[in-house]
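Data from target_25.cif: mmCIF, C-alpha atoms and all ligand atoms
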```
data_input
#
loop_
_atom_site.label_atom_id
_atom_site.label_comp_id
_atom_site.auth_asym_id
_atom_site.auth_seq_id
_atom_site.Cartn_x
_atom_site.Cartn_y
_atom_site.Cartn_z
CA MET A 56 0.00 0.00 0.00
CA SER A 57 1.25 3.49 -0.67
CA ASP A 58 0.10 7.10 -0.51
CA ASN A 59 -2.69 8.17 -2.82
CA LYS A 60 -1.01 10.51 -5.30
CA GLU A 61 -3.88 10.92 -7.74
CA ASN A 62 -4.21 14.39 -9.33
CA LYS A 63 -0.80 15.40 -8.13
CA LYS A 64 1.49 17.06 -10.58
CA LYS A 65 5.04 15.91 -10.33
CA PRO A 66 7.08 18.99 -9.47
CA ALA A 67 10.08 19.85 -11.63
CA THR A 68 13.25 18.77 -9.91
CA HIS A 69 16.88 19.67 -10.37
CA SER A 70 19.24 16.91 -9.55
CA SER A 71 22.47 17.95 -7.97
CA LYS A 72 24.11 14.56 -8.07
CA GLY A 73 27.79 14.96 -8.65
CA THR A 74 28.23 18.36 -7.03
CA THR A 75 31.19 18.67 -4.75
CA GLY A 76 29.38 19.53 -1.53
CA LYS A 77 30.40 22.96 -0.32
CA LYS A 78 30.57 24.22 3.22
CA ASN A 79 27.65 23.63 5.58
CA TRP A 80 25.63 26.61 6.71
CA PRO A 81 26.99 27.87 10.04
CA LEU A 82 25.04 27.80 13.30
CA TRP A 83 23.40 30.95 14.71
CA GLU A 84 22.01 31.67 18.17
CA ILE A 85 18.63 33.37 18.17
CA PHE A 86 17.47 35.97 20.71
CA VAL A 87 13.90 37.24 20.66
CA ARG A 88 12.28 40.18 22.46
CA SER A 89 8.72 39.03 22.98
CA LYS A 90 7.37 42.54 23.61
CA ASN A 91 8.73 45.99 24.20
CA GLY A 92 9.77 46.40 27.79
CA LEU A 93 11.23 42.90 27.98
CA GLU A 94 14.80 41.84 27.22
CA HIS A 95 15.84 39.69 24.29
CA ARG A 96 15.87 36.09 25.44
CA HIS A 97 17.70 33.10 23.97
CA PHE A 98 15.17 31.04 21.98
CA GLY A 99 17.39 28.44 20.35
CA SER A 100 19.61 28.12 17.33
CA LEU A 101 19.44 27.41 13.62
CA HIS A 102 21.60 27.12 10.53
CA ALA A 103 21.76 29.84 7.87
CA ALA A 104 24.19 30.99 5.20
CA ASP A 105 24.43 34.55 6.53
CA ALA A 106 22.95 36.95 9.07
CA ASP A 107 20.10 38.08 6.82
CA MET A 108 19.01 34.53 6.21
CA ALA A 109 19.39 33.73 9.91
CA LEU A 110 16.96 36.57 10.67
CA GLU A 111 14.43 35.33 8.13
CA ASN A 112 14.72 31.73 9.28
CA ALA A 113 14.43 32.84 12.91
CA ARG A 114 11.22 34.64 12.06
CA ASP A 115 9.81 31.47 10.49
CA VAL A 116 11.08 29.05 13.13
CA TYR A 117 10.61 30.99 16.35
CA THR A 118 7.93 33.65 15.79
CA ARG A 119 5.15 31.96 13.83
CA ARG A 120 2.57 33.04 16.41
CA ASN A 121 3.62 36.60 17.24
CA GLU A 122 6.15 35.47 19.83
CA GLY A 123 8.40 38.41 19.05
CA VAL A 124 8.80 42.06 18.10
CA SER A 125 12.57 42.02 17.65
CA ILE A 126 15.17 39.39 16.81
CA TRP A 127 18.94 39.28 17.31
CA VAL A 128 21.08 36.67 15.59
CA VAL A 129 24.66 35.93 16.59
CA GLU A 130 26.86 33.38 14.93
CA SER A 131 27.42 30.72 17.58
CA LYS A 132 31.18 30.68 17.16
CA ASN A 133 31.28 34.31 18.36
CA ILE A 134 29.90 33.46 21.78
CA THR A 135 32.35 32.93 24.62
CA ALA A 136 30.83 30.90 27.42
CA SER A 137 32.03 30.28 30.94
CA ASN A 138 32.96 26.72 31.78
CA PRO A 139 30.67 25.06 34.34
CA GLU A 140 33.62 23.06 35.61
CA HIS A 141 35.06 26.35 36.89
CA ASN A 142 31.83 27.41 38.53
CA GLY A 143 33.49 27.22 41.93
CA GLU A 144 36.13 29.89 41.41
CA MET A 145 33.77 31.80 39.11
CA PHE A 146 30.69 32.16 41.28
CA GLU A 147 31.47 31.07 44.84
CA PRO A 148 33.26 34.30 45.81
CA ALA A 149 29.83 35.96 45.78
CA SER A 150 28.30 33.55 48.25
CA ASP A 151 30.19 34.71 51.38
CA LYS A 152 29.47 38.39 50.75
CA VAL A 153 26.29 38.58 52.75
CA TYR A 154 26.86 42.31 53.30
CA ARG A 155 25.69 42.81 49.69
CA HIS A 156 22.15 42.00 50.79
CA PRO A 157 19.81 44.36 52.65
CA THR A 158 19.02 41.77 55.32
CA PHE A 159 22.64 41.95 56.56
CA TYR A 160 21.98 45.28 58.25
CA ASP A 161 20.38 45.38 61.69
CA LEU A 162 17.90 48.18 62.09
CA PRO A 163 15.28 48.72 64.80
CA ASP A 164 11.72 47.81 63.79
CA ASP A 165 10.39 51.34 64.11
CA VAL A 166 12.54 52.59 61.22
CA LYS A 167 10.02 52.73 58.41
CA HIS A 168 10.31 52.94 54.61
CA MET A 169 13.72 51.24 54.44
CA MET B 278 39.52 10.68 35.44
CA SER B 279 39.87 7.48 37.44
CA GLU B 280 37.04 5.03 37.58
CA LYS B 281 36.36 5.99 41.17
CA GLU B 282 36.20 9.68 40.34
CA VAL B 283 33.74 8.98 37.51
CA LYS B 284 31.56 7.00 39.93
CA ASN B 285 31.63 9.93 42.28
CA MET B 286 30.73 12.41 39.54
CA GLU B 287 27.89 10.13 38.50
CA ALA B 288 26.50 10.04 42.00
CA ILE B 289 26.51 13.86 42.17
CA PHE B 290 24.94 13.96 38.71
CA ASP B 291 22.13 11.54 39.61
CA GLN B 292 21.46 13.51 42.79
CA LYS B 293 21.13 16.72 40.79
CA ILE B 294 18.48 15.15 38.59
CA ALA B 295 16.70 13.63 41.57
CA ASN B 296 16.55 17.17 43.04
CA ASP B 297 14.87 18.36 39.83
CA GLU B 298 17.89 20.39 38.78
CA LYS B 299 18.41 20.65 35.03
CA ILE B 300 21.44 19.47 33.11
CA GLU B 301 22.79 22.02 30.62
CA PRO B 302 24.93 21.19 27.57
CA LYS B 303 28.32 22.16 29.01
CA ASP B 304 27.79 20.41 32.35
CA TRP B 305 29.62 17.19 32.99
CA MET B 306 27.44 14.18 32.13
CA PRO B 307 27.96 10.43 31.93
CA GLU B 308 28.72 9.28 28.38
CA LYS B 309 25.64 7.08 28.49
CA TYR B 310 23.45 10.08 29.28
CA ARG B 311 24.89 11.98 26.33
CA LYS B 312 24.49 9.04 23.94
CA THR B 313 20.95 8.18 25.08
CA HIS B 314 19.90 11.80 24.69
CA ILE B 315 21.46 12.16 21.25
CA ARG B 316 19.60 9.02 20.21
CA GLN B 317 16.24 9.98 21.67
CA ILE B 318 16.25 13.68 20.70
CA SER B 319 17.43 12.95 17.17
CA GLN B 320 14.86 10.18 16.70
CA HIS B 321 12.28 12.65 17.86
CA ALA B 322 13.56 15.30 15.42
CA HIS B 323 13.61 12.82 12.54
CA SER B 324 10.02 11.85 13.35
CA GLU B 325 8.88 15.46 13.07
CA ILE B 326 10.64 15.85 9.72
CA VAL B 327 9.51 12.55 8.19
CA GLY B 328 6.08 13.16 9.71
CA MET B 329 5.59 16.03 7.29
CA LEU B 330 5.54 13.64 4.32
CA PRO B 331 2.26 11.71 4.75
CA GLU B 332 0.36 14.94 5.45
CA GLY B 333 2.24 17.01 2.90
CA ASN B 334 0.87 14.52 0.39
CA TRP B 335 -2.58 16.15 0.70
CA ILE B 336 -1.81 19.86 0.90
CA THR B 337 -2.47 20.53 -2.79
CA ARG B 338 -5.73 18.57 -2.62
CA ALA B 339 -7.23 19.90 0.60
CA PRO B 340 -10.99 20.28 0.04
CA SER B 341 -11.19 24.00 0.89
CA LEU B 342 -8.96 26.99 1.41
CA ARG B 343 -9.68 26.84 5.15
CA ARG B 344 -8.46 23.26 5.30
CA LYS B 345 -5.49 24.07 3.12
CA VAL B 346 -4.12 26.95 5.18
CA ALA B 347 -4.61 24.91 8.36
CA LEU B 348 -2.81 21.87 7.00
CA LEU B 349 -0.03 23.99 5.58
CA ALA B 350 0.42 25.69 8.96
CA LYS B 351 0.40 22.34 10.72
CA VAL B 352 3.01 20.82 8.46
CA GLN B 353 5.12 23.97 8.82
CA ASP B 354 4.86 23.58 12.61
CA GLU B 355 6.20 20.03 12.30
CA ALA B 356 9.20 21.39 10.37
CA GLY B 357 9.66 23.85 13.22
CA HIS B 358 9.47 21.04 15.80
CA GLY B 359 12.15 19.18 13.90
CA LEU B 360 14.36 22.27 13.96
CA TYR B 361 13.88 22.97 17.69
CA LEU B 362 14.84 19.38 18.38
CA TYR B 363 17.81 19.21 16.03
CA SER B 364 19.24 22.33 17.60
CA ALA B 365 18.70 20.90 21.10
CA CYS B 366 20.47 17.74 19.97
CA GLU B 367 23.40 19.67 18.48
CA THR B 368 24.18 21.15 21.90
CA LEU B 369 25.33 17.65 22.88
CA GLY B 370 28.22 17.92 20.43
CA ILE B 371 26.90 16.23 17.31
CA SER B 372 26.63 18.14 14.02
CA ARG B 373 23.47 18.59 11.98
CA GLU B 374 25.27 16.95 9.09
CA GLU B 375 25.96 13.83 11.12
CA LEU B 376 22.35 13.71 12.30
CA TYR B 377 21.08 13.92 8.73
CA ASN B 378 23.55 11.26 7.66
CA GLN B 379 22.19 8.93 10.31
CA LEU B 380 18.65 9.49 9.08
CA HIS B 381 19.46 9.25 5.40
CA SER B 382 21.58 6.13 5.72
CA GLY B 383 18.80 4.38 7.63
CA LYS B 384 20.95 4.10 10.75
CA ALA B 385 18.63 6.31 12.80
CA LYS B 386 15.02 5.46 13.45
CA TYR B 387 11.96 7.65 13.38
CA SER B 388 8.43 6.96 14.61
CA SER B 389 6.97 4.00 12.72
CA ILE B 390 3.57 5.62 12.43
CA PHE B 391 4.82 7.68 9.50
CA ASN B 392 5.43 4.54 7.47
CA TYR B 393 1.69 4.16 6.92
CA PRO B 394 0.12 5.68 3.79
CA THR B 395 -2.39 8.54 3.51
CA ILE B 396 -4.98 7.13 1.15
CA THR B 397 -7.92 9.50 1.53
CA TRP B 398 -8.53 13.00 2.86
CA ALA B 399 -9.99 11.42 6.02
CA ASP B 400 -6.49 10.19 6.85
CA ILE B 401 -5.49 13.80 7.43
CA GLY B 402 -8.28 14.06 9.99
CA ALA B 403 -7.32 10.77 11.63
CA ILE B 404 -3.64 11.73 11.82
CA GLY B 405 -4.36 15.03 13.54
CA TRP B 406 -6.81 13.46 15.93
CA LEU B 407 -5.01 10.21 16.77
CA VAL B 408 -1.34 10.60 15.85
CA ASP B 409 -0.94 14.12 17.18
CA GLY B 410 -3.15 13.11 20.11
CA ALA B 411 -0.80 10.24 20.96
CA ALA B 412 2.22 12.46 20.39
CA ILE B 413 0.86 15.01 22.88
CA ILE B 414 0.50 12.32 25.55
CA ASN B 415 4.08 11.20 24.90
CA GLN B 416 5.44 14.74 24.85
CA VAL B 417 3.78 16.54 27.75
CA PRO B 418 5.83 14.68 30.40
CA LEU B 419 9.01 15.61 28.50
CA CYS B 420 8.45 19.30 29.24
CA SER B 421 10.00 18.58 32.64
CA THR B 422 12.71 16.20 31.49
CA SER B 423 16.20 16.63 32.94
CA PHE B 424 18.11 17.93 29.91
CA GLY B 425 17.45 21.67 29.69
CA PRO B 426 17.49 22.22 25.91
CA TYR B 427 15.20 19.19 25.34
CA ALA B 428 12.75 20.35 28.01
CA ARG B 429 12.64 23.87 26.57
CA ALA B 430 12.08 22.57 23.04
CA MET B 431 9.25 20.37 24.30
CA VAL B 432 7.51 23.28 26.03
CA ARG B 433 7.38 25.09 22.70
CA VAL B 434 6.30 21.94 20.83
CA CYS B 435 3.49 21.14 23.25
CA LYS B 436 2.08 24.67 23.00
CA GLU B 437 1.71 24.17 19.25
CA GLU B 438 0.38 20.62 19.23
CA SER B 439 -3.10 21.26 20.52
CA PHE B 440 -4.06 23.14 17.35
CA HIS B 441 -2.89 20.10 15.36
CA GLN B 442 -5.17 17.74 17.17
CA ARG B 443 -8.14 20.08 17.05
CA GLN B 444 -7.82 20.66 13.30
CA GLY B 445 -7.72 16.88 12.78
CA TYR B 446 -10.74 16.25 14.96
CA GLU B 447 -12.66 18.99 13.17
CA ILE B 448 -11.98 17.29 9.83
CA MET B 449 -13.33 14.02 11.27
CA LEU B 450 -16.36 15.80 12.70
CA THR B 451 -17.19 17.41 9.35
CA LEU B 452 -16.89 14.07 7.54
CA CYS B 453 -18.99 12.28 10.16
CA ASN B 454 -21.74 14.89 9.83
CA GLY B 455 -21.57 14.68 6.03
CA THR B 456 -22.85 12.17 3.49
CA PRO B 457 -22.82 8.43 4.24
CA GLU B 458 -19.81 8.10 1.93
CA GLN B 459 -17.94 10.77 3.88
CA LYS B 460 -18.74 9.10 7.18
CA GLU B 461 -17.60 5.81 5.69
CA MET B 462 -14.29 7.48 4.78
CA ALA B 463 -13.86 8.64 8.36
CA GLN B 464 -14.61 5.15 9.69
CA ASP B 465 -12.15 3.62 7.25
CA ALA B 466 -9.42 6.03 8.33
CA LEU B 467 -10.08 5.22 12.01
CA ASN B 468 -9.91 1.51 11.19
CA ARG B 469 -6.48 1.89 9.63
CA TRP B 470 -4.93 4.37 12.08
CA TRP B 471 -6.24 3.05 15.41
CA TRP B 472 -3.84 0.18 16.01
CA PRO B 473 -0.72 1.90 14.67
CA SER B 474 -1.57 4.83 16.97
CA LEU B 475 -1.63 2.51 20.00
CA MET B 476 1.79 1.21 18.92
CA MET B 477 3.18 4.76 19.12
CA PHE B 478 3.60 4.29 22.87
CA GLY B 479 6.12 1.53 22.28
CA PRO B 480 6.32 -2.08 23.44
CA THR B 481 4.51 -3.24 26.56
CA ASP B 482 6.23 -2.60 29.89
CA ASP B 483 7.50 -6.15 30.31
CA GLU B 484 9.12 -5.97 26.84
CA SER B 485 10.52 -2.47 27.17
CA THR B 486 14.23 -2.43 27.93
CA HIS B 487 15.07 1.19 28.73
CA THR B 488 12.28 2.09 31.10
CA GLU B 489 14.14 2.15 34.43
CA GLN B 490 17.07 4.25 33.20
CA SER B 491 14.72 6.56 31.32
CA MET B 492 12.63 7.08 34.43
CA LYS B 493 15.70 8.04 36.43
CA TRP B 494 16.72 10.63 33.83
CA LYS B 495 13.13 11.82 33.46
CA LEU B 496 13.07 10.89 29.80
CA LYS B 497 10.01 9.00 30.90
CA ARG B 498 7.67 9.78 33.74
CA LYS B 499 5.03 7.17 33.04
CA THR B 500 5.41 3.74 31.46
CA ASN B 501 4.39 2.88 27.89
CA ASP B 502 1.36 0.94 29.10
CA GLU B 503 0.19 3.76 31.38
CA LEU B 504 0.41 6.28 28.54
CA ARG B 505 -1.35 3.93 26.14
CA GLN B 506 -4.17 3.42 28.63
CA GLN B 507 -4.48 7.18 29.09
CA PHE B 508 -4.76 7.60 25.31
CA ILE B 509 -7.43 4.94 24.98
CA ASP B 510 -9.45 6.28 27.89
CA GLN B 511 -9.53 9.78 26.49
CA THR B 512 -10.07 8.78 22.84
CA VAL B 513 -13.03 6.39 23.20
CA PRO B 514 -15.51 9.15 24.20
CA GLN B 515 -14.20 11.30 21.34
CA ALA B 516 -14.98 8.51 18.87
CA GLU B 517 -18.45 8.22 20.39
CA ILE B 518 -19.10 11.90 19.70
CA LEU B 519 -18.05 11.33 16.09
CA GLY B 520 -20.38 8.33 15.94
CA ILE B 521 -17.78 5.97 14.52
CA THR B 522 -16.58 2.66 15.91
CA ILE B 523 -13.14 1.85 17.23
CA PRO B 524 -12.05 -1.36 15.46
CA ASP B 525 -11.58 -3.44 18.61
CA LYS B 526 -14.30 -5.89 19.65
CA ASP B 527 -12.64 -6.38 23.04
CA LEU B 528 -12.84 -2.70 23.90
CA LYS B 529 -14.98 -2.42 27.02
CA TRP B 530 -15.25 -0.16 30.07
CA ASN B 531 -13.92 -1.91 33.15
CA GLU B 532 -15.72 -0.51 36.17
CA GLU B 533 -13.31 -2.07 38.62
CA ARG B 534 -10.13 -0.73 37.02
CA GLY B 535 -11.74 2.56 36.03
CA HIS B 536 -10.24 2.11 32.58
CA TYR B 537 -11.14 0.64 29.22
CA ASP B 538 -9.99 -2.92 28.56
CA PHE B 539 -8.75 -3.40 25.05
CA GLY B 540 -7.75 -6.15 22.64
CA LYS B 541 -4.38 -7.59 21.76
CA ILE B 542 -1.99 -5.39 19.81
CA ASP B 543 -0.28 -7.05 16.85
CA TRP B 544 3.33 -6.59 17.92
CA ASP B 545 4.58 -8.60 14.97
CA GLU B 546 3.29 -5.86 12.72
CA PHE B 547 4.99 -3.26 14.94
CA TRP B 548 8.38 -4.96 14.72
CA GLN B 549 8.00 -5.53 10.98
CA VAL B 550 7.50 -1.80 10.44
CA VAL B 551 10.33 -0.90 12.82
CA LYS B 552 12.62 -3.20 10.88
CA GLY B 553 11.80 -1.40 7.65
CA HIS B 554 9.05 -3.57 6.19
CA GLY B 555 6.12 -1.20 6.68
CA PRO B 556 4.00 -0.09 3.72
CA CYS B 557 5.95 3.17 3.13
CA ASN B 558 9.38 2.88 4.79
CA LYS B 559 11.23 2.91 1.49
CA ASP B 560 9.13 5.66 0.01
CA ARG B 561 9.53 7.95 3.04
CA LEU B 562 13.27 7.67 3.18
CA GLU B 563 13.63 8.08 -0.58
CA THR B 564 11.50 11.23 -0.56
CA ARG B 565 13.49 12.66 2.31
CA VAL B 566 16.88 11.87 0.75
CA ASN B 567 15.76 13.30 -2.62
CA ALA B 568 14.57 16.50 -0.99
CA TRP B 569 17.95 16.87 0.67
CA GLU B 570 20.01 16.06 -2.40
CA GLU B 571 17.95 18.12 -4.78
CA GLY B 572 18.26 21.10 -2.45
CA GLU B 573 22.02 20.90 -2.35
CA TRP B 574 22.63 23.38 -5.18
CA VAL B 575 20.40 25.90 -3.39
CA ARG B 576 22.33 25.53 -0.14
CA ASP B 577 25.64 25.83 -1.99
CA ALA B 578 24.50 28.89 -3.91
CA ALA B 579 23.34 30.58 -0.70
CA MET B 580 26.72 29.94 0.89
CA VAL B 581 28.64 31.34 -2.09
CA TYR B 582 26.36 34.38 -2.12
CA ALA B 583 26.89 34.93 1.60
CA GLU B 584 30.66 34.74 1.19
CA LYS B 585 30.57 37.19 -1.69
CA GLN B 586 28.49 39.66 0.32
CA ALA B 587 30.87 39.37 3.25
CA ASP B 588 33.85 39.98 0.94
CA ARG B 589 32.19 43.04 -0.51
CA LYS B 590 31.56 44.44 2.96
CA VAL B 591 35.22 43.97 3.90
CA ARG B 592 36.35 45.70 0.72
CA LYS B 593 34.04 48.64 1.30
CA VAL B 594 35.43 49.14 4.77
CA SER B 595 39.10 48.98 3.73
FE FE C 1 5.17 17.90 16.09
FE FE C 2 1.86 17.86 15.49
#
```
Could you spell out this file's structure in structure tokens?
Amino acid sequence: MSDNKENKKKPATHSSKGTTGKKNWPLWEIFVRSKNGLEHRHFGSLHAADADMALENARDVYTRRNEGVSIWVVESKNITASNPEHNGEMFEPASDKVYRHPTFYDLPDDVKHM
Amino acid sequence: MSEKEVKNMEAIFDQKIANDEKIEPKDWMPEKYRKTHIRQISQHAHSEIVGMLPEGNWITRAPSLRRKVALLAKVQDEAGHGLYLYSACETLGISREELYNQLHSGKAKYSSIFNYPTITWADIGAIGWLVDGAAIINQVPLCSTSFGPYARAMVRVCKEESFHQRQGYEIMLTLCNGTPEQKEMAQDALNRWWWPSLMMFGPTDDESTHTEQSMKWKLKRKTNDELRQQFIDQTVPQAEILGITIPDKDLKWNEERGHYDFGKIDWDEFWQVVKGHGPCNKDRLETRVNAWEEGEWVRDAAMVYAEKQADRKVRKVS
């Protein structure tokens, strides 16, 4: 059994057999602002030949239902990320600095608006 | 890392997941976790992509403009689902090219349901109603799975799926309220898609090999049999509203269990299709490979154009 293909025109096709296979489209990270007043947020990634195409593809992949009013695309290779294995030296210094939080300071209860 | 250190890392890792913390791509993870996730997420992505083919078959012949725009939008969503999932999978260190190679060479699997043919317009209704319905039940628990990018992709997918199921059910409803021939078409589609839809939940629990590990990693939150039962229980009343009959003479409400009892699933058929002997396996893969190969010159041209534009920009600046 196979699909019913009655009344279907066979589309014209261009075979590319024998081409050399050029470079793959690079990967882009997509950031979308869902409405004014909110920040751009990472939505995911996609492949595109250049930035313009990345923007168009991002529109089609990530904002098909008005999820955005602005899109940023950044080629993934341009992002420098911290290494989670170094999270200790990276983030722990902040955890013993309790004096950065308002609750560190002792004030009598009758001080208002503070 | 020594074996003992790895064991230690694994214990910390398992604890993190047990505490409902998420795993992100650059975090340390056991090799088995990485491999299992690449396999499952890519299979899922391939299913979305191949899943466009049986429905795409009817876009040009949809019976009205309303049906046509809806089906087009649905199939486009499935392409989007494939892309969300491929990009989630790529964060685990495998390239898109490699993923496509695995699909095109037949090494990777995709959901067997898409190896069944779409013979009449009613099949488009049955697919939306039953296949997307089953997919939703499989996917909702994955919104809280342990691997961050997979969970985030699934949240987006699940938001979009409910339109798919509703458009399918509406097609069935229209046919069932139509002429006797139209209702007959709807019944015929239900007859052909019912059992394959039940198989979408995978082998029975006593035959399923990965369940325990998958539960621990939250790739599964309920067993295959539990999900299948949930699907049957919610679908039977929907068929009653349509006024068509589920093709299972053993289907019966069981007061004591609070669930429907149902007949034996033909697992031989399931394994035959999985092994590549379904009605459309060859056709699906061929169509997919052709689409990829015949698009190669377009992808190459776009790349050359992009490089030229970049060159021009550099020259303008200097
Ligand atoms: Fe989907
Ligand atoms: Fe869907």
Practice task
Up to 8 Å from chain A, what residues of chain B turn up? Count only C-alpha atoms and give them as a ChimeraX atom specification.
Solution key: /B:303-305,331,334,337,357,360-361,364-365,374,393-397,556-557,570-574,576-577,579-580,583
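Using all atoms listed in the file, the residues found no farther than 8 Å from B:Asp502, other than those of its own chain fewer than 4 positions away, are Phe478, Thr481, Asp482 and Gln506 of chain B.
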Take every atom of stretch 340-353 of chain B listed in the file, pad by 8 Å on each side, and give me the axis-aligned box centre and edge lengths in Å, one decimal, as AutoDock Vina command-line options.
```
--center_x -3.0 --center_y 23.6 --center_z 5.4 --size_x 32.3 --size_y 22.7 --size_z 26.7
```
Practice task
Kindly work out which residues sit at most 6 Å from ligand FE 1 (chain C), using all atoms listed in the file, and give the list as a PyMOL selection string.
Solution key: chain B and resi 325+355+358
Practice task
Identify, counting all atoms listed in the file, the protein, DNA and RNA residues located within 7 Å of ligand FE 2 (chain C), and give them as a ChimeraX atom specification.
Solution key: /B:351,355,409,438,441
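Going from atom CA of B:Arg373 to atom CA of B:Asn558 covers 22.3 Å.
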Fill in the blank from the handout: atom CA of B:Ser324 to atom CA of B:Ser388 measures 5.3 Å
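Using all atoms listed in the file, the nearest neighbour of A:Gly123 within the list A:Pro163, A:Gly143, A:Gly92, A:Pro157 is A:Gly92.
For the pair atom CA of B:Lys559 and atom CA of B:Ile326, the separation is 15.3 Å.
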Handout entry: Close residues, B:Gln511 itself excluded, 10 Å, all atoms listed in the file, min 5 positions apart in chain, as a ChimeraX atom specification
Key = /B:410,506,516,536-537
Handout entry: 10 Å contact set for A:Asn121, all atoms listed in the file, chain neighbours under 3 positions out, as a PyMOL selection string
Key = chain A and resi 89-90+114+117-118+124
What would the file look like if the residues just selected were written as a compact mmCIF listing (two decimals), keeping the file's coordinate frame with C-alpha atoms?
```txt
# COMPACT_ATOMS: atom_id res chain seq x y z
CA SER A 89 8.72 39.03 22.98
CA LYS A 90 7.37 42.54 23.61
CA ARG A 114 11.22 34.64 12.06
CA TYR A 117 10.61 30.99 16.35
CA THR A 118 7.93 33.65 15.79
CA VAL A 124 8.80 42.06 18.10
```
